[in-house]
$ cat run-v2.txt   # compact mmCIF, C-alpha atoms
# COMPACT_ATOMS: atom_id res chain seq x y z
CA ALA A 544 94.48 107.07 72.13
CA LEU A 545 96.19 110.33 72.97
CA GLY A 546 94.63 113.59 71.87
CA LEU A 547 97.75 115.35 70.61
CA SER A 548 98.26 119.02 69.86
CA LEU A 549 101.40 119.88 67.88
CA SER A 550 103.25 123.15 67.70
CA VAL A 551 104.63 122.87 64.16
CA SER A 552 107.24 124.75 62.13
CA LEU A 553 107.78 123.15 58.72
CA LEU A 554 109.42 123.84 55.41
CA PRO A 555 107.05 123.33 52.47
CA SER A 556 109.53 121.06 50.69
CA LEU A 557 109.80 118.43 53.42
CA ASP A 558 108.56 114.97 52.52
CA SER A 559 106.16 113.07 54.78
CA ALA A 560 108.88 111.16 56.64
CA ALA A 561 110.87 114.33 57.28
CA ARG A 562 107.75 116.16 58.43
CA HIS A 563 107.37 113.56 61.16
CA MET A 564 110.89 114.42 62.32
CA GLN A 565 110.31 118.17 62.05
CA HIS A 566 107.25 118.48 64.31
CA GLY A 567 107.23 120.85 67.25
CA PRO A 568 106.45 119.83 70.83
CA ILE A 569 103.39 117.81 71.72
CA THR A 570 101.70 119.99 74.33
CA LEU A 571 98.15 118.66 74.79
CA CYS A 572 97.32 115.07 75.77
CA GLN A 573 93.67 114.05 76.30
CA GLY A 574 92.66 117.63 77.00
CA ARG A 575 95.43 118.34 79.53
CA THR A 576 99.02 119.52 79.40
CA CYS A 577 101.30 116.66 78.44
CA ARG A 578 103.82 115.37 80.94
CA PRO A 579 107.47 115.69 79.85
CA GLY A 580 108.04 113.38 76.90
CA GLU A 581 104.44 112.18 76.80
CA GLY A 582 103.27 111.41 73.28
CA ASN A 583 106.76 111.23 71.79
CA PRO A 584 107.39 107.92 70.01
CA SER A 585 109.36 105.38 72.02
CA VAL A 586 112.24 104.38 69.76
CA THR A 587 114.16 101.10 70.05
CA HIS A 588 116.45 99.12 67.78
CA SER A 589 113.58 96.83 66.78
CA ALA A 590 110.86 99.49 66.40
CA ASN A 591 112.14 102.66 64.82
CA PRO A 592 109.67 105.13 63.25
CA HIS A 593 112.40 107.67 62.48
CA LYS A 594 114.37 105.84 59.78
CA LEU A 595 115.03 108.46 57.10
CA ALA A 596 116.80 108.55 53.77
CA PRO A 597 119.70 111.02 53.43
CA PRO A 598 118.43 114.62 53.19
CA PRO A 599 118.31 116.46 49.84
CA ASP A 600 121.60 117.89 48.61
CA ASP A 601 120.35 121.48 48.79
CA TRP A 602 119.85 121.34 52.57
CA LEU A 603 122.58 123.30 54.37
CA ARG A 604 125.71 121.47 55.50
CA ASP A 605 126.74 124.37 57.76
CA PRO A 606 124.95 126.31 60.50
CA PRO A 607 122.16 128.55 59.15
CA HIS A 608 123.54 131.48 61.15
CA GLY A 609 126.75 132.29 62.97
CA ALA A 610 127.54 133.44 66.49
CA ASP A 611 126.52 136.99 65.60
CA THR A 612 125.68 139.23 68.54
CA THR A 613 123.14 141.22 66.53
CA HIS A 614 121.30 138.06 65.48
CA TYR A 615 121.22 137.01 69.14
CA ALA A 616 120.44 140.50 70.50
CA PRO A 617 117.56 139.43 72.83
CA LEU A 618 119.66 136.63 74.34
CA VAL A 619 122.71 138.89 74.70
CA ALA A 620 120.62 141.59 76.40
CA ALA A 621 119.07 139.16 78.89
CA ALA A 622 122.40 137.48 79.63
CA THR A 623 124.18 140.80 80.11
CA ALA A 624 121.51 141.90 82.58
CA ALA A 625 121.64 138.63 84.53
CA ALA A 626 125.43 138.18 84.53
CA ARG A 627 127.51 138.67 87.66
CA HIS A 628 131.16 139.64 87.27
CA ARG A 629 130.67 139.11 83.51
CA LEU A 630 129.68 135.44 84.04
CA ILE A 631 126.42 133.86 82.88
CA ILE A 632 125.37 130.25 83.48
CA LEU A 633 123.19 128.89 80.68
CA CYS A 634 121.11 125.86 79.85
CA ALA A 635 118.75 125.21 76.95
CA ALA A 636 115.34 123.57 77.24
CA ASP A 637 112.34 122.74 75.09
CA PHE A 638 108.82 121.99 76.34
CA ASP A 639 109.70 118.42 77.34
CA TYR A 640 112.59 119.73 79.46
CA ARG A 641 110.62 122.53 81.14
CA GLU A 642 110.53 120.92 84.60
CA LEU A 643 114.19 119.93 84.48
CA ALA A 644 115.10 123.51 83.51
CA GLU A 645 113.10 124.83 86.44
CA ASN A 646 114.86 122.39 88.77
CA TRP A 647 118.21 123.48 87.28
CA TYR A 648 117.49 127.11 88.08
CA LEU A 649 116.21 126.38 91.59
CA ALA A 650 119.44 124.50 92.32
CA ILE A 651 121.45 127.54 91.23
CA LYS A 652 119.39 129.76 93.52
CA ARG A 653 119.92 127.36 96.43
CA VAL A 654 123.69 127.99 96.33
CA GLY A 655 123.13 131.75 96.35
CA LEU A 656 123.54 132.60 92.66
CA THR A 657 121.22 134.63 90.47
CA ASN A 658 123.10 134.57 87.15
CA GLY A 659 121.36 131.56 85.63
CA LEU A 660 119.42 131.85 82.37
CA VAL A 661 117.37 129.35 80.35
CA TYR A 662 117.48 129.50 76.57
CA SER A 663 114.01 128.21 75.67
CA LEU A 664 113.80 126.50 72.30
CA ASP A 665 110.06 126.64 71.82
CA GLU A 666 107.45 129.17 72.86
CA PRO A 667 105.49 126.81 75.20
CA ALA A 668 108.66 126.19 77.24
CA HIS A 669 109.41 129.91 77.40
CA ARG A 670 105.85 130.71 78.53
CA HIS A 671 105.89 127.96 81.19
CA LEU A 672 109.22 129.09 82.65
CA GLN A 673 108.23 132.74 82.72
CA LEU A 674 105.07 131.84 84.66
CA ARG A 675 107.24 129.90 87.13
CA GLY A 676 109.60 132.86 87.67
CA VAL A 677 112.52 131.30 85.79
CA PRO A 678 114.57 133.75 83.64
CA SER A 679 114.06 132.66 80.04
CA VAL A 680 114.70 133.89 76.51
CA ASP A 681 112.62 132.60 73.60
CA GLY A 682 114.99 131.13 71.01
CA SER A 683 112.36 129.26 69.00
CA SER A 684 112.92 131.25 65.78
CA ASN A 685 116.65 130.51 65.94
CA LEU A 686 115.94 126.80 66.36
CA ASP A 687 113.53 126.93 63.40
CA ASP A 688 116.42 128.15 61.22
CA TRP A 689 117.98 124.70 61.54
CA ASN A 690 115.07 123.20 59.57
CA ARG A 691 117.00 124.38 56.49
CA THR A 692 119.98 122.17 57.38
CA ARG A 693 120.80 118.49 57.10
CA LEU A 694 120.09 117.99 60.80
CA SER A 695 116.95 115.87 60.52
CA ARG A 696 116.47 115.15 64.24
CA HIS A 697 115.21 117.53 66.87
CA ILE A 698 117.96 116.48 69.29
CA GLN A 699 120.64 117.36 66.73
CA ARG A 700 119.15 120.79 66.05
CA VAL A 701 118.85 121.61 69.74
CA GLU A 702 122.46 120.59 70.41
CA ALA A 703 123.73 122.68 67.52
CA GLU A 704 121.68 125.78 68.33
CA ARG A 705 122.58 125.91 72.00
CA HIS A 706 126.30 125.68 71.24
CA ILE A 707 126.11 128.46 68.63
CA ALA A 708 124.07 130.60 71.03
CA THR A 709 126.73 130.08 73.71
CA ALA A 710 129.39 131.23 71.24
CA ALA A 711 127.33 134.37 70.56
CA LEU A 712 127.27 135.20 74.27
CA ALA A 713 131.04 134.77 74.44
CA ALA A 714 131.38 136.99 71.38
CA SER A 715 129.42 139.67 73.25
CA GLY A 716 132.11 139.77 75.96
CA LEU A 717 130.64 137.45 78.59
CA ASP A 718 132.19 134.41 80.21
CA VAL A 719 129.67 131.61 79.65
CA LEU A 720 129.18 128.25 81.34
CA LEU A 721 126.88 126.04 79.25
CA THR A 722 125.37 123.06 81.06
CA ASP A 723 122.67 120.48 80.48
CA SER A 724 119.40 121.03 82.33
CA THR A 725 120.10 117.68 84.02
CA HIS A 726 123.33 119.06 85.55
CA VAL A 727 122.38 120.09 89.09
CA MET A 728 124.64 122.64 90.77
CA LEU A 729 125.78 121.48 94.21
CA SER A 730 127.98 124.43 95.21
CA ASP A 731 128.93 127.88 93.99
CA VAL A 732 130.93 127.37 90.81
CA THR A 733 132.02 131.02 90.57
CA PRO A 734 135.39 130.76 92.39
CA ALA A 735 136.49 127.80 90.25
CA LEU A 736 135.60 129.59 87.02
CA HIS A 737 137.16 132.89 88.09
CA ALA A 738 140.33 130.95 88.98
CA LEU A 739 140.64 130.03 85.31
CA ARG A 740 141.12 133.73 84.54
CA GLY A 741 144.27 133.78 86.63
CA HIS A 742 145.49 130.28 85.83
CA ARG A 743 149.22 130.13 85.08
CA GLU A 744 148.27 128.75 81.67
CA ALA A 745 145.37 130.94 80.54
CA VAL A 746 142.38 129.14 78.98
CA ASP A 747 140.00 130.03 76.16
CA VAL A 748 137.68 127.03 76.59
CA ALA A 749 137.30 124.56 79.46
CA ALA A 750 135.37 121.32 80.00
CA PRO A 751 135.52 118.45 82.54
CA ARG A 752 137.84 115.54 81.79
CA LEU A 753 136.73 111.97 82.48
CA LEU A 754 138.21 108.47 82.31
CA CYS A 755 141.89 109.36 81.87
CA ASN A 756 144.06 106.43 80.76
CA GLY A 757 147.52 108.04 80.59
CA LYS A 758 147.94 107.61 76.84
CA PRO A 759 149.56 110.57 75.03
CA PRO A 760 148.89 113.25 74.08
CA PHE A 761 146.36 113.81 76.91
CA GLY A 762 144.57 110.49 77.41
CA CYS A 763 141.18 111.70 78.68
CA SER A 764 137.65 111.88 77.37
CA VAL A 765 136.07 115.31 77.68
CA TRP A 766 132.47 116.14 78.56
CA TRP A 767 131.58 118.82 75.97
CA ASN A 768 128.01 119.30 77.27
CA LEU A 769 129.44 121.22 80.23
CA VAL A 770 131.68 123.83 78.63
CA PHE A 771 133.11 127.19 79.71
CA LEU A 772 133.92 129.89 77.14
CA ARG A 773 136.22 132.77 78.06
CA GLY A 774 134.43 135.71 76.46
CA ALA A 775 135.27 138.36 79.06
CA GLY A 776 139.03 138.16 78.53
CA THR A 777 141.18 139.59 75.76
CA SER A 778 139.90 139.88 72.20
CA GLU A 779 142.26 137.04 71.23
CA GLU A 780 140.89 134.74 73.96
CA ARG A 781 137.35 135.60 72.93
CA SER A 782 138.03 134.99 69.23
CA ARG A 783 139.64 131.60 69.90
CA ALA A 784 136.74 130.51 72.11
CA VAL A 785 134.10 131.54 69.57
CA HIS A 786 135.98 129.94 66.66
CA PHE A 787 136.43 126.65 68.52
CA GLN A 788 132.77 126.50 69.57
CA THR A 789 131.46 127.05 66.05
CA ALA A 790 134.07 124.71 64.52
CA GLY A 791 132.90 121.91 66.85
CA VAL A 792 129.32 122.28 65.60
CA ARG A 793 130.47 122.23 61.98
CA LYS A 794 132.47 119.05 62.60
CA GLY A 795 129.38 117.41 64.12
CA MET A 796 127.37 118.26 61.00
CA VAL A 797 129.41 115.89 58.80
CA ASP A 798 126.86 113.63 57.11
CA PHE A 799 128.37 110.35 58.27
CA TYR A 800 128.25 111.40 61.93
CA LEU A 801 124.62 112.48 61.59
CA ARG A 802 123.48 109.08 60.32
CA TRP A 803 125.57 106.65 62.32
CA TYR A 804 124.14 104.53 65.17
CA ASN A 805 124.69 107.22 67.80
CA GLY A 806 123.84 110.08 65.49
CA ALA A 807 121.44 111.70 67.94
CA HIS A 808 124.55 112.93 69.76
CA ALA A 809 126.63 113.69 66.66
CA ILE A 810 126.82 117.43 67.33
CA VAL A 811 128.31 117.27 70.80
CA GLN A 812 130.63 114.46 69.68
CA GLY A 813 131.83 116.77 66.93
CA PHE A 814 133.92 118.59 69.53
CA GLY A 815 135.72 115.40 70.46
CA LYS A 816 136.36 114.60 66.80
CA LEU A 817 137.61 118.14 66.22
CA VAL A 818 140.12 117.91 69.06
CA ALA A 819 141.19 114.40 68.07
CA GLY A 820 142.38 115.76 64.74
CA CYS A 821 144.47 118.56 66.27
CA PRO A 822 148.13 118.64 67.41
CA ASN A 823 147.36 118.56 71.13
CA ALA A 824 150.04 119.32 73.71
CA LEU A 825 149.66 119.54 77.50
CA GLN A 826 151.28 122.62 79.01
CA GLY A 827 153.19 123.37 82.21
CA GLY A 828 155.20 120.16 82.22
CA ILE A 829 152.11 117.98 82.82
CA THR A 830 151.95 114.61 81.08
CA ALA A 831 148.99 112.39 80.26
CA ALA A 832 150.14 109.96 82.95
CA ASP A 833 149.93 112.74 85.55
CA LEU A 834 146.18 113.09 84.95
CA VAL A 835 145.35 109.50 85.88
CA GLY A 836 143.85 109.62 89.36
CA ASP A 837 144.31 113.41 89.65
CA ASN A 838 140.90 114.66 90.76
CA ASN A 839 141.68 118.27 91.65
CA ARG A 840 144.06 119.88 89.15
CA THR A 841 143.06 121.74 85.99
CA ALA A 842 145.37 120.89 83.10
CA VAL A 843 145.75 123.14 80.06
CA MET A 844 146.25 121.81 76.55
CA ARG A 845 147.10 123.70 73.38
CA SER A 846 145.00 122.30 70.57
CA CYS A 847 143.47 123.40 67.25
CA THR A 848 144.71 126.59 65.61
CA ALA A 849 141.80 128.93 64.93
CA ASP A 850 143.81 131.40 62.92
CA ALA A 851 147.52 131.92 62.26
CA ALA A 852 147.37 135.30 64.00
CA LEU A 853 145.50 133.94 67.01
CA GLY A 854 147.48 130.75 67.56
CA PRO A 855 146.17 127.50 69.06
CA VAL A 856 143.10 127.40 71.28
CA ARG A 857 143.94 126.71 74.93
CA ILE A 858 141.61 124.11 76.42
CA GLY A 859 141.30 123.73 80.17
CA LEU A 860 140.74 120.11 81.19
CA LEU A 861 138.77 120.56 84.40
CA PRO A 862 139.33 117.94 87.12
CA PRO A 863 136.82 115.12 87.61
CA SER A 864 135.84 116.70 90.92
CA PHE A 865 134.30 119.62 89.00
CA PHE A 866 131.55 117.40 87.60
CA ASP A 867 130.26 114.43 89.57
CA GLN A 868 128.97 111.87 87.12
CA PRO A 869 129.40 108.48 88.82
CA ALA A 870 128.32 106.70 85.62
CA LEU A 871 126.00 107.13 82.69
CA TYR A 872 123.90 104.19 83.87
CA GLY A 873 123.03 102.88 87.30
CA ASN A 874 124.31 99.38 86.62
CA ALA A 875 127.92 100.67 86.40
CA THR A 876 128.21 103.17 89.21
CA ARG A 877 131.48 104.58 90.50
CA PRO A 878 132.13 106.24 93.88
CA ARG A 879 130.80 109.78 94.20
CA ALA A 880 133.40 112.54 93.89
CA ALA A 881 133.88 114.82 96.89
CA GLY A 882 133.45 118.57 96.63
CA SER A 883 131.85 118.59 93.18
CA HIS A 884 130.14 121.62 91.71
CA PHE A 885 127.72 119.69 89.49
CA PHE A 886 125.98 116.34 89.62
CA ARG A 887 124.31 114.38 86.86
CA PRO A 888 122.16 111.41 87.90
CA PRO A 889 122.75 108.09 86.13
CA LYS A 890 119.86 106.46 84.30
CA PRO A 891 118.88 102.96 85.52
CA PHE A 892 120.11 101.24 82.35
CA GLN A 893 121.01 101.89 78.74
CA ARG A 894 118.34 102.03 76.05
CA ASP A 895 119.96 102.34 72.64
CA ARG A 896 117.66 104.03 70.15
CA LEU A 897 118.58 104.41 66.48
CA ASN A 898 117.74 107.77 64.94
CA LEU A 899 116.26 109.11 68.15
CA ASN A 900 114.31 112.32 67.50
CA ARG A 901 112.96 113.32 70.93
CA TYR A 902 113.24 111.64 74.30
CA ASP A 903 110.12 109.85 75.48
CA GLU A 904 108.20 109.87 78.75
CA GLN A 905 110.20 107.02 80.26
CA ASP A 906 113.43 109.00 79.85
CA PHE A 907 112.12 111.94 81.84
CA ASP A 908 110.51 109.77 84.51
CA GLU A 909 113.84 108.00 85.05
CA VAL A 910 115.86 111.22 85.35
CA VAL A 911 113.41 112.78 87.81
CA ALA A 912 113.31 109.59 89.90
CA ALA A 913 117.13 109.57 90.04
CA LEU A 914 117.21 113.21 91.15
CA ARG A 915 114.59 112.53 93.82
CA ALA A 916 116.66 109.62 95.10
CA GLU A 917 119.61 112.01 95.52
CA HIS A 918 117.37 114.65 97.19
CA LEU A 919 118.09 117.00 94.30
CA TRP A 920 114.56 117.55 92.97
CA PHE A 921 113.32 120.99 94.02
CA VAL A 922 110.29 121.61 91.80

$ encode --input "run-v2.txt" --output "structure tokens"
Amino acid sequence: ALGLSLSVSLLPSLDSAARHMQHGPITLCQGRTCRPGEGNPSVTHSANPHKLAPPPDDWLRDPPHGADTTHYAPLVAAATAAARHRLIILCAADFDYRELAENWYLAIKRVGLTNGLVYSLDEPAHRHLQLRGVPSVDGSSNLDDWNRTRLSRHIQRVEAERHIATAALAASGLDVLLTDSTHVMLSDVTPALHALRGHREAVDVAAPRLLCNGKPPFGCSVWWNLVFLRGAGTSEERSRAVHFQTAGVRKGMVDFYLRWYNGAHAIVQGFGKLVAGCPNALQGGITAADLVGDNNRTAVMRSCTADAALGPVRIGLLPPSFFDQPALYGNATRPRAAGSHFFRPPKPFQRDRLNLNRYDEQDFDEVVAALRAEHLWFV
């Protein structure tokens, strides 16, 4: 049996089932530091320890805090110091993701950049990264705030907090690129992002488009885990970006989305649901059909209206070549894209898990093995 040490932050009112979902990272296994994911329950359709009843009505249905620069003062200060040309590149990581976050930062350094920053979501991750020379800010108290909400799973709370934190950095006047820690930078992304500032159709928010089918109004899926917010532009651009980012999190907090079969990813999918309900219109004479097979052009779409005075948010649909994701799983690979800025390795196969709380050891072993196979593991 594992000897497990938990770092715990709990609300007194949580019942026993919810307490199991609320636990902090498992850090000690048989007297040694746990490997990434070690000790976390392995969740499958047939064996699911995280089946919970709906949360109490008095738990918050909205974020426990907004994208306030004062609330996020330590993160804003660190990001401002690390930024280059008002651009910061950000990922979030907890203790299980500590090695992936370190690899993420080493990849950024390999292409000559120094403006990467890790938003650590528990103190053990922050301490580990600091000892390894990785710039990190401790956001554990901000993550703990989400224990007052209806987000019962750790994955949901992490997704929500990192997107709100990104909005706070944009509100402070920085351009921000939020990525997953599994997104490995292959080449300097700065010129592509700076080009968005001078694009003929200015953008407030941008994310890579995938799997375009030509159906109006824009016919593409969008990868909202790799998102750029234009915070260093005009006050109107900044306000639209911040409003859109926080509205996407709120949409993902709808109860039905939190409990459905893929609810572990309900927050990030909230952005897609938000956009789907907006009057979207491609700009510059581009049609949805034009985007099929177009791997190099950024398209701009006017979408949700943040405020009558601000007008619709302008979303940049980055070309598939920006983000090389051949496939989610290795049994359905597609050809690699040339000239990509980021790569995400496919997992060997799909493992559907209902009500997933934290990823287990197998998940991390598979991701690291895939990165090693691509010669992209630098730790």

$ closest_residue --input "run-v2.txt" --among "A:Arg781, A:Arg887, A:Arg696, A:Arg629" --to "His808 in chain A" --atoms "all atoms listed in the file"
A:Arg696

$ atom_distance --input "run-v2.txt" --atom1 "CA of His884 in chain A" --atom2 "CA of Arg675 in chain A"
24.8 Å

$ residues_around --input "run-v2.txt" --residues "Ala710 in chain A" --least-positions-apart "3" --cutoff "8 Å" --atoms "all atoms listed in the file" --output "list in words"
Ala610, His706, Ile707, Ala713, Ala714, Leu772, Ala784, Val785, Gln788 and Thr789 of chain A

$ residues_around --input "run-v2.txt" --residues "range 658-667 of chain A" --least-positions-apart "3" --cutoff "6 Å" --atoms "all atoms listed in the file" --output "ChimeraX atom specification"
/A:625-626,631-638,670,678-683

$ closest_residue --input "run-v2.txt" --among "A:Thr692, A:Ser585, A:Thr709, A:Thr570" --to "Thr612 in chain A" --atoms "all atoms listed in the file"
A:Thr709

$ atom_distance --input "run-v2.txt" --atom1 "CA of Asp639 in chain A" --atom2 "CA of Asn690 in chain A"
19.2 Å

$ residues_around --input "run-v2.txt" --residues "Arg752 in chain A" --least-positions-apart "6" --cutoff "8 Å" --atoms "only C-alpha atoms" --output "list in words"
Cys763, Ser764, Val765, Trp766, Leu860, Leu861, Pro862 and Pro863 of chain A

$ closest_residue --input "run-v2.txt" --among "A:Gly567, A:Ile858, A:Glu704, A:Leu754" --to "Val770 in chain A" --atoms "all atoms listed in the file"
A:Ile858

$ residues_near_point --input "run-v2.txt" --point "(137.5, 116.1, 91.4)" --cutoff "9 Å" --atoms "only C-alpha atoms" --output "PDB file with C-alpha atoms, in the coordinates of the input"
ATOM      1  CA  ASP A 837     144.310 113.410  89.650  1.00  0.00           C
ATOM      2  CA  ASN A 838     140.900 114.660  90.760  1.00  0.00           C
ATOM      3  CA  ASN A 839     141.680 118.270  91.650  1.00  0.00           C
ATOM      4  CA  ARG A 840     144.060 119.880  89.150  1.00  0.00           C
ATOM      5  CA  LEU A 861     138.770 120.560  84.400  1.00  0.00           C
ATOM      6  CA  PRO A 862     139.330 117.940  87.120  1.00  0.00           C
ATOM      7  CA  PRO A 863     136.820 115.120  87.610  1.00  0.00           C
ATOM      8  CA  SER A 864     135.840 116.700  90.920  1.00  0.00           C
ATOM      9  CA  PHE A 865     134.300 119.620  89.000  1.00  0.00           C
ATOM     10  CA  PHE A 866     131.550 117.400  87.600  1.00  0.00           C
ATOM     11  CA  ASP A 867     130.260 114.430  89.570  1.00  0.00           C
ATOM     12  CA  ALA A 880     133.400 112.540  93.890  1.00  0.00           C
ATOM     13  CA  ALA A 881     133.880 114.820  96.890  1.00  0.00           C
ATOM     14  CA  GLY A 882     133.450 118.570  96.630  1.00  0.00           C
ATOM     15  CA  SER A 883     131.850 118.590  93.180  1.00  0.00           C
TER      16      SER A 883
END

$ decode --input "run-v2.txt" --residues "range 826-834 of chain A" --atoms "all heavy atoms" --output "PDB file, in the first residue's frame"
ATOM      1  N   GLN A 826     -14.411  38.211 -41.314  1.00  0.00           N
ATOM      2  CA  GLN A 826     -14.147  39.547 -41.840  1.00  0.00           C
ATOM      3  C   GLN A 826     -13.214  39.476 -43.052  1.00  0.00           C
ATOM      4  O   GLN A 826     -12.614  38.443 -43.344  1.00  0.00           O
ATOM      5  CB  GLN A 826     -13.514  40.413 -40.745  1.00  0.00           C
ATOM      6  CG  GLN A 826     -14.361  40.540 -39.491  1.00  0.00           C
ATOM      7  CD  GLN A 826     -15.689  41.209 -39.748  1.00  0.00           C
ATOM      8  OE1 GLN A 826     -15.737  42.385 -40.097  1.00  0.00           O
ATOM      9  NE2 GLN A 826     -16.780  40.472 -39.567  1.00  0.00           N
ATOM     10  N   GLY A 827     -13.080  40.599 -43.736  1.00  0.00           N
ATOM     11  CA  GLY A 827     -12.118  40.703 -44.837  1.00  0.00           C
ATOM     12  C   GLY A 827     -12.481  39.915 -46.070  1.00  0.00           C
ATOM     13  O   GLY A 827     -11.593  39.564 -46.863  1.00  0.00           O
ATOM     14  N   GLY A 828     -13.761  39.592 -46.247  1.00  0.00           N
ATOM     15  CA  GLY A 828     -14.168  38.850 -47.434  1.00  0.00           C
ATOM     16  C   GLY A 828     -13.863  37.376 -47.404  1.00  0.00           C
ATOM     17  O   GLY A 828     -14.060  36.668 -48.403  1.00  0.00           O
ATOM     18  N   ILE A 829     -13.391  36.844 -46.279  1.00  0.00           N
ATOM     19  CA  ILE A 829     -13.081  35.417 -46.145  1.00  0.00           C
ATOM     20  C   ILE A 829     -14.364  34.650 -45.833  1.00  0.00           C
ATOM     21  O   ILE A 829     -15.205  35.116 -45.054  1.00  0.00           O
ATOM     22  CB  ILE A 829     -12.042  35.192 -45.041  1.00  0.00           C
ATOM     23  CG1 ILE A 829     -10.714  35.859 -45.413  1.00  0.00           C
ATOM     24  CG2 ILE A 829     -11.825  33.703 -44.780  1.00  0.00           C
ATOM     25  CD1 ILE A 829      -9.670  35.781 -44.328  1.00  0.00           C
ATOM     26  N   THR A 830     -14.511  33.486 -46.435  1.00  0.00           N
ATOM     27  CA  THR A 830     -15.651  32.614 -46.155  1.00  0.00           C
ATOM     28  C   THR A 830     -15.188  31.359 -45.433  1.00  0.00           C
ATOM     29  O   THR A 830     -13.987  31.043 -45.409  1.00  0.00           O
ATOM     30  CB  THR A 830     -16.369  32.214 -47.449  1.00  0.00           C
ATOM     31  OG1 THR A 830     -15.495  31.346 -48.207  1.00  0.00           O
ATOM     32  CG2 THR A 830     -16.727  33.432 -48.285  1.00  0.00           C
ATOM     33  N   ALA A 831     -16.135  30.634 -44.856  1.00  0.00           N
ATOM     34  CA  ALA A 831     -15.803  29.383 -44.182  1.00  0.00           C
ATOM     35  C   ALA A 831     -15.141  28.402 -45.135  1.00  0.00           C
ATOM     36  O   ALA A 831     -14.224  27.660 -44.765  1.00  0.00           O
ATOM     37  CB  ALA A 831     -17.053  28.772 -43.559  1.00  0.00           C
ATOM     38  N   ALA A 832     -15.585  28.381 -46.380  1.00  0.00           N
ATOM     39  CA  ALA A 832     -14.995  27.471 -47.368  1.00  0.00           C
ATOM     40  C   ALA A 832     -13.529  27.799 -47.621  1.00  0.00           C
ATOM     41  O   ALA A 832     -12.723  26.900 -47.917  1.00  0.00           O
ATOM     42  CB  ALA A 832     -15.789  27.547 -48.672  1.00  0.00           C
ATOM     43  N   ASP A 833     -13.158  29.074 -47.513  1.00  0.00           N
ATOM     44  CA  ASP A 833     -11.767  29.470 -47.748  1.00  0.00           C
ATOM     45  C   ASP A 833     -10.816  28.872 -46.715  1.00  0.00           C
ATOM     46  O   ASP A 833      -9.614  28.721 -46.981  1.00  0.00           O
ATOM     47  CB  ASP A 833     -11.630  31.003 -47.710  1.00  0.00           C
ATOM     48  CG  ASP A 833     -12.371  31.688 -48.839  1.00  0.00           C
ATOM     49  OD1 ASP A 833     -12.524  31.069 -49.913  1.00  0.00           O
ATOM     50  OD2 ASP A 833     -12.798  32.844 -48.656  1.00  0.00           O
ATOM     51  N   LEU A 834     -11.323  28.548 -45.529  1.00  0.00           N
ATOM     52  CA  LEU A 834     -10.458  28.075 -44.448  1.00  0.00           C
ATOM     53  C   LEU A 834     -10.146  26.590 -44.546  1.00  0.00           C
ATOM     54  O   LEU A 834      -9.242  26.106 -43.868  1.00  0.00           O
ATOM     55  CB  LEU A 834     -11.107  28.376 -43.095  1.00  0.00           C
ATOM     56  CG  LEU A 834     -11.367  29.861 -42.800  1.00  0.00           C
ATOM     57  CD1 LEU A 834     -11.960  30.028 -41.414  1.00  0.00           C
ATOM     58  CD2 LEU A 834     -10.094  30.676 -42.951  1.00  0.00           C
TER      59      LEU A 834
END
